[in-house]
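In what follows, a structure is listed as structure tokens, so that the remarks can point back to it.
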Amino acid sequence: MRMRTMEISVGFLMLAGFFALVVLALNISGLNLSQQGGGYTVLARFDNIGGLTPRAKVAMSGVQIGEVTAIRLDPQMLMAEVEMKINDDVDFLSTDSSAQILTSGLLGEQYIGITPGAEDDTLKDGDRISDTQSALVLEDLIGKFLFNEVSN
């Protein structure tokens, strides 16, 4: 009887450990089990998106306010068009807000940072952010640094 209780306790401990690993893996990967249906869509065009991927976060002042839902090439402008889903509770982004592709840390993941503007009109579903700044590509920066060093 005592041995059976210990076996059951070890089994529960193993299940709890496995469940904790699954939750940790989901949190690290950024996957959500719950689909957030709320929010509105905002578009932005960038010359170079670097390593930005769908489901990357959209942040303002370091706080996540949405996520990237789709990335496609605009055939007329020949630019990357990024579609973002902004949370419903962030209904104060003005029409002159700017978007830039940032990197968390030196070689971390890329995300979109939103800087609010000063206009009274706010972004609505389907609106476009026109003031954008593309990603800084590390290889381009190294190339420019090396080129400038050689020319001196």
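Naming works like this for the structure tokens: A, B, ... for the chains as they're shown, residue 1 at the start of each chain, ligands 1 onward in shown order.
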Shell of 12 Å around region 135-143 of chain A, only C-alpha atoms, local chain residues under 3 positions omitted, as a list in words: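 These residues fall inside the cut-off: Arg45, Phe46, Asp47, Asn48, Ile49, Gly50, Gly51, Leu52, Ala80, Ala99, Gln100, Ile101, Leu102, Thr103, Ser104, Leu106, Leu107, Gly108, Glu109, Gln110, Tyr111, Ile112, Gly113, Thr132, Leu146, Phe147, Asn148, Glu149 and Val150 of chain A.
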Write out, as a PDB file, in the first residue's frame, the residues just selected, with C-alpha atoms.
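To be explicit, this is the file written out as again.pdb:
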ATOM      1  CA  ARG A  45       4.827  49.751 -45.918  1.00  0.00           C
ATOM      2  CA  PHE A  46       8.560  49.262 -45.353  1.00  0.00           C
ATOM      3  CA  ASP A  47      11.530  49.280 -47.736  1.00  0.00           C
ATOM      4  CA  ASN A  48      13.197  46.425 -45.844  1.00  0.00           C
ATOM      5  CA  ILE A  49      11.633  44.311 -43.098  1.00  0.00           C
ATOM      6  CA  GLY A  50      14.817  42.391 -42.242  1.00  0.00           C
ATOM      7  CA  GLY A  51      13.854  39.293 -40.251  1.00  0.00           C
ATOM      8  CA  LEU A  52      10.362  40.409 -39.242  1.00  0.00           C
ATOM      9  CA  ALA A  80       6.883  45.041 -48.051  1.00  0.00           C
ATOM     10  CA  ALA A  99       6.138  52.649 -37.108  1.00  0.00           C
ATOM     11  CA  GLN A 100       9.670  51.309 -37.117  1.00  0.00           C
ATOM     12  CA  ILE A 101      11.156  47.849 -37.110  1.00  0.00           C
ATOM     13  CA  LEU A 102      13.262  47.354 -34.000  1.00  0.00           C
ATOM     14  CA  THR A 103      15.391  44.529 -32.643  1.00  0.00           C
ATOM     15  CA  SER A 104      15.205  43.377 -29.038  1.00  0.00           C
ATOM     16  CA  LEU A 106      21.774  43.040 -30.324  1.00  0.00           C
ATOM     17  CA  LEU A 107      20.745  39.915 -32.250  1.00  0.00           C
ATOM     18  CA  GLY A 108      17.258  39.321 -30.857  1.00  0.00           C
ATOM     19  CA  GLU A 109      13.910  39.013 -32.548  1.00  0.00           C
ATOM     20  CA  GLN A 110      12.516  41.876 -34.559  1.00  0.00           C
ATOM     21  CA  TYR A 111       9.275  43.628 -33.749  1.00  0.00           C
ATOM     22  CA  ILE A 112       7.410  46.792 -34.703  1.00  0.00           C
ATOM     23  CA  GLY A 113       7.605  49.811 -32.434  1.00  0.00           C
ATOM     24  CA  THR A 132       7.765  54.180 -41.352  1.00  0.00           C
ATOM     25  CA  LEU A 146      34.235  48.294 -43.488  1.00  0.00           C
ATOM     26  CA  PHE A 147      33.827  50.454 -46.601  1.00  0.00           C
ATOM     27  CA  ASN A 148      34.385  53.648 -44.627  1.00  0.00           C
ATOM     28  CA  GLU A 149      37.443  52.153 -42.926  1.00  0.00           C
ATOM     29  CA  VAL A 150      38.975  51.163 -46.273  1.00  0.00           C
TER      30      VAL A 150
END
Residue contacts of region 71-74 of chain A (10 Å, only C-alpha atoms) excluding same-chain residues fewer than 3 positions away, as a PyMOL selection string: chain A and resi 43-46+49+52-55+68+77-84
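Excluding Ser97 (chain A) itself and same-chain residues fewer than 3 positions from it, the residues having an atom within 10 Å of it are Leu93, Ser94, Ile114, Thr115, Pro116, Gly117, Ala118, Glu119, Thr122, Leu123, Arg128, Ile129, Ser130, Asp131 and Thr132 of chain A, counting only C-alpha atoms.
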For the selection you just gave me, I'd like the residues written to a file as a PDB file, in the first residue's frame, keeping N, CA and C atoms.
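In the end it all went to result21.pdb:
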ATOM      1  N   LEU A  93      -4.348  55.675 -31.007  1.00  0.00           N
ATOM      2  CA  LEU A  93      -3.232  55.925 -31.933  1.00  0.00           C
ATOM      3  C   LEU A  93      -3.662  56.927 -32.995  1.00  0.00           C
ATOM      4  N   SER A  94      -2.947  58.025 -33.083  1.00  0.00           N
ATOM      5  CA  SER A  94      -3.326  59.069 -34.034  1.00  0.00           C
ATOM      6  C   SER A  94      -2.876  58.705 -35.448  1.00  0.00           C
ATOM      7  N   ILE A 114       5.733  51.306 -32.281  1.00  0.00           N
ATOM      8  CA  ILE A 114       4.843  52.396 -32.691  1.00  0.00           C
ATOM      9  C   ILE A 114       5.131  53.615 -31.824  1.00  0.00           C
ATOM     10  N   THR A 115       5.321  54.757 -32.471  1.00  0.00           N
ATOM     11  CA  THR A 115       5.477  56.023 -31.768  1.00  0.00           C
ATOM     12  C   THR A 115       4.234  56.857 -32.058  1.00  0.00           C
ATOM     13  N   PRO A 116       3.479  57.228 -31.023  1.00  0.00           N
ATOM     14  CA  PRO A 116       2.235  57.961 -31.270  1.00  0.00           C
ATOM     15  C   PRO A 116       2.508  59.375 -31.772  1.00  0.00           C
ATOM     16  N   GLY A 117       1.574  59.868 -32.552  1.00  0.00           N
ATOM     17  CA  GLY A 117       1.673  61.223 -33.081  1.00  0.00           C
ATOM     18  C   GLY A 117       0.862  62.190 -32.244  1.00  0.00           C
ATOM     19  N   ALA A 118       0.589  63.370 -32.806  1.00  0.00           N
ATOM     20  CA  ALA A 118      -0.099  64.424 -32.060  1.00  0.00           C
ATOM     21  C   ALA A 118      -1.453  64.805 -32.654  1.00  0.00           C
ATOM     22  N   GLU A 119      -1.847  64.172 -33.751  1.00  0.00           N
ATOM     23  CA  GLU A 119      -3.135  64.498 -34.383  1.00  0.00           C
ATOM     24  C   GLU A 119      -4.306  64.095 -33.481  1.00  0.00           C
ATOM     25  N   THR A 122      -7.857  59.480 -34.989  1.00  0.00           N
ATOM     26  CA  THR A 122      -7.215  58.218 -34.615  1.00  0.00           C
ATOM     27  C   THR A 122      -7.301  57.206 -35.755  1.00  0.00           C
ATOM     28  N   LEU A 123      -6.421  56.220 -35.699  1.00  0.00           N
ATOM     29  CA  LEU A 123      -6.410  55.152 -36.703  1.00  0.00           C
ATOM     30  C   LEU A 123      -7.635  54.272 -36.536  1.00  0.00           C
ATOM     31  N   ARG A 128      -3.720  53.113 -42.820  1.00  0.00           N
ATOM     32  CA  ARG A 128      -2.308  52.875 -43.117  1.00  0.00           C
ATOM     33  C   ARG A 128      -1.438  53.877 -42.360  1.00  0.00           C
ATOM     34  N   ILE A 129      -0.363  53.375 -41.782  1.00  0.00           N
ATOM     35  CA  ILE A 129       0.645  54.242 -41.173  1.00  0.00           C
ATOM     36  C   ILE A 129       1.630  54.601 -42.274  1.00  0.00           C
ATOM     37  N   SER A 130       1.753  55.894 -42.559  1.00  0.00           N
ATOM     38  CA  SER A 130       2.604  56.301 -43.682  1.00  0.00           C
ATOM     39  C   SER A 130       4.039  56.605 -43.261  1.00  0.00           C
ATOM     40  N   ASP A 131       4.251  57.007 -42.025  1.00  0.00           N
ATOM     41  CA  ASP A 131       5.601  57.324 -41.542  1.00  0.00           C
ATOM     42  C   ASP A 131       6.241  56.047 -40.985  1.00  0.00           C
ATOM     43  N   THR A 132       7.129  55.435 -41.767  1.00  0.00           N
ATOM     44  CA  THR A 132       7.765  54.180 -41.352  1.00  0.00           C
ATOM     45  C   THR A 132       9.273  54.276 -41.462  1.00  0.00           C
TER      46      THR A 132
END
Which residues are close to region 21-31 of chain A, i.e. within 12 Å by only C-alpha atoms, leaving aside same-chain residues fewer than 5 positions away? Reply as a compact mmCIF listing (two decimals) with C-alpha atoms, in the first residue's frame.
# COMPACT_ATOMS: atom_id res chain seq x y z
CA MET A 14 5.98 13.62 -13.53
CA LEU A 15 2.68 14.84 -15.03
CA ALA A 16 3.06 18.22 -13.33
CA GLN A 36 -7.97 37.00 -29.46
CA PRO A 54 4.18 37.06 -38.82
CA ARG A 55 3.11 36.92 -35.14
CA ALA A 56 5.93 39.30 -34.18
CA LYS A 57 4.85 41.72 -31.49
CA GLU A 67 0.93 41.55 -33.36
CA GLU A 109 13.91 39.01 -32.55
Those in region 1-116 of chain A with strand (DSSP E or B) from DSSP, as a PyMOL selection string: chain A and resi 40-46+57-60+63-74+79-86+94+98-103+110-115
For Gly38 (chain A), the nearest of the candidates A:Thr69, A:Gln76, A:Asn87, A:Ser61, counting only C-alpha atoms: A:Asn87
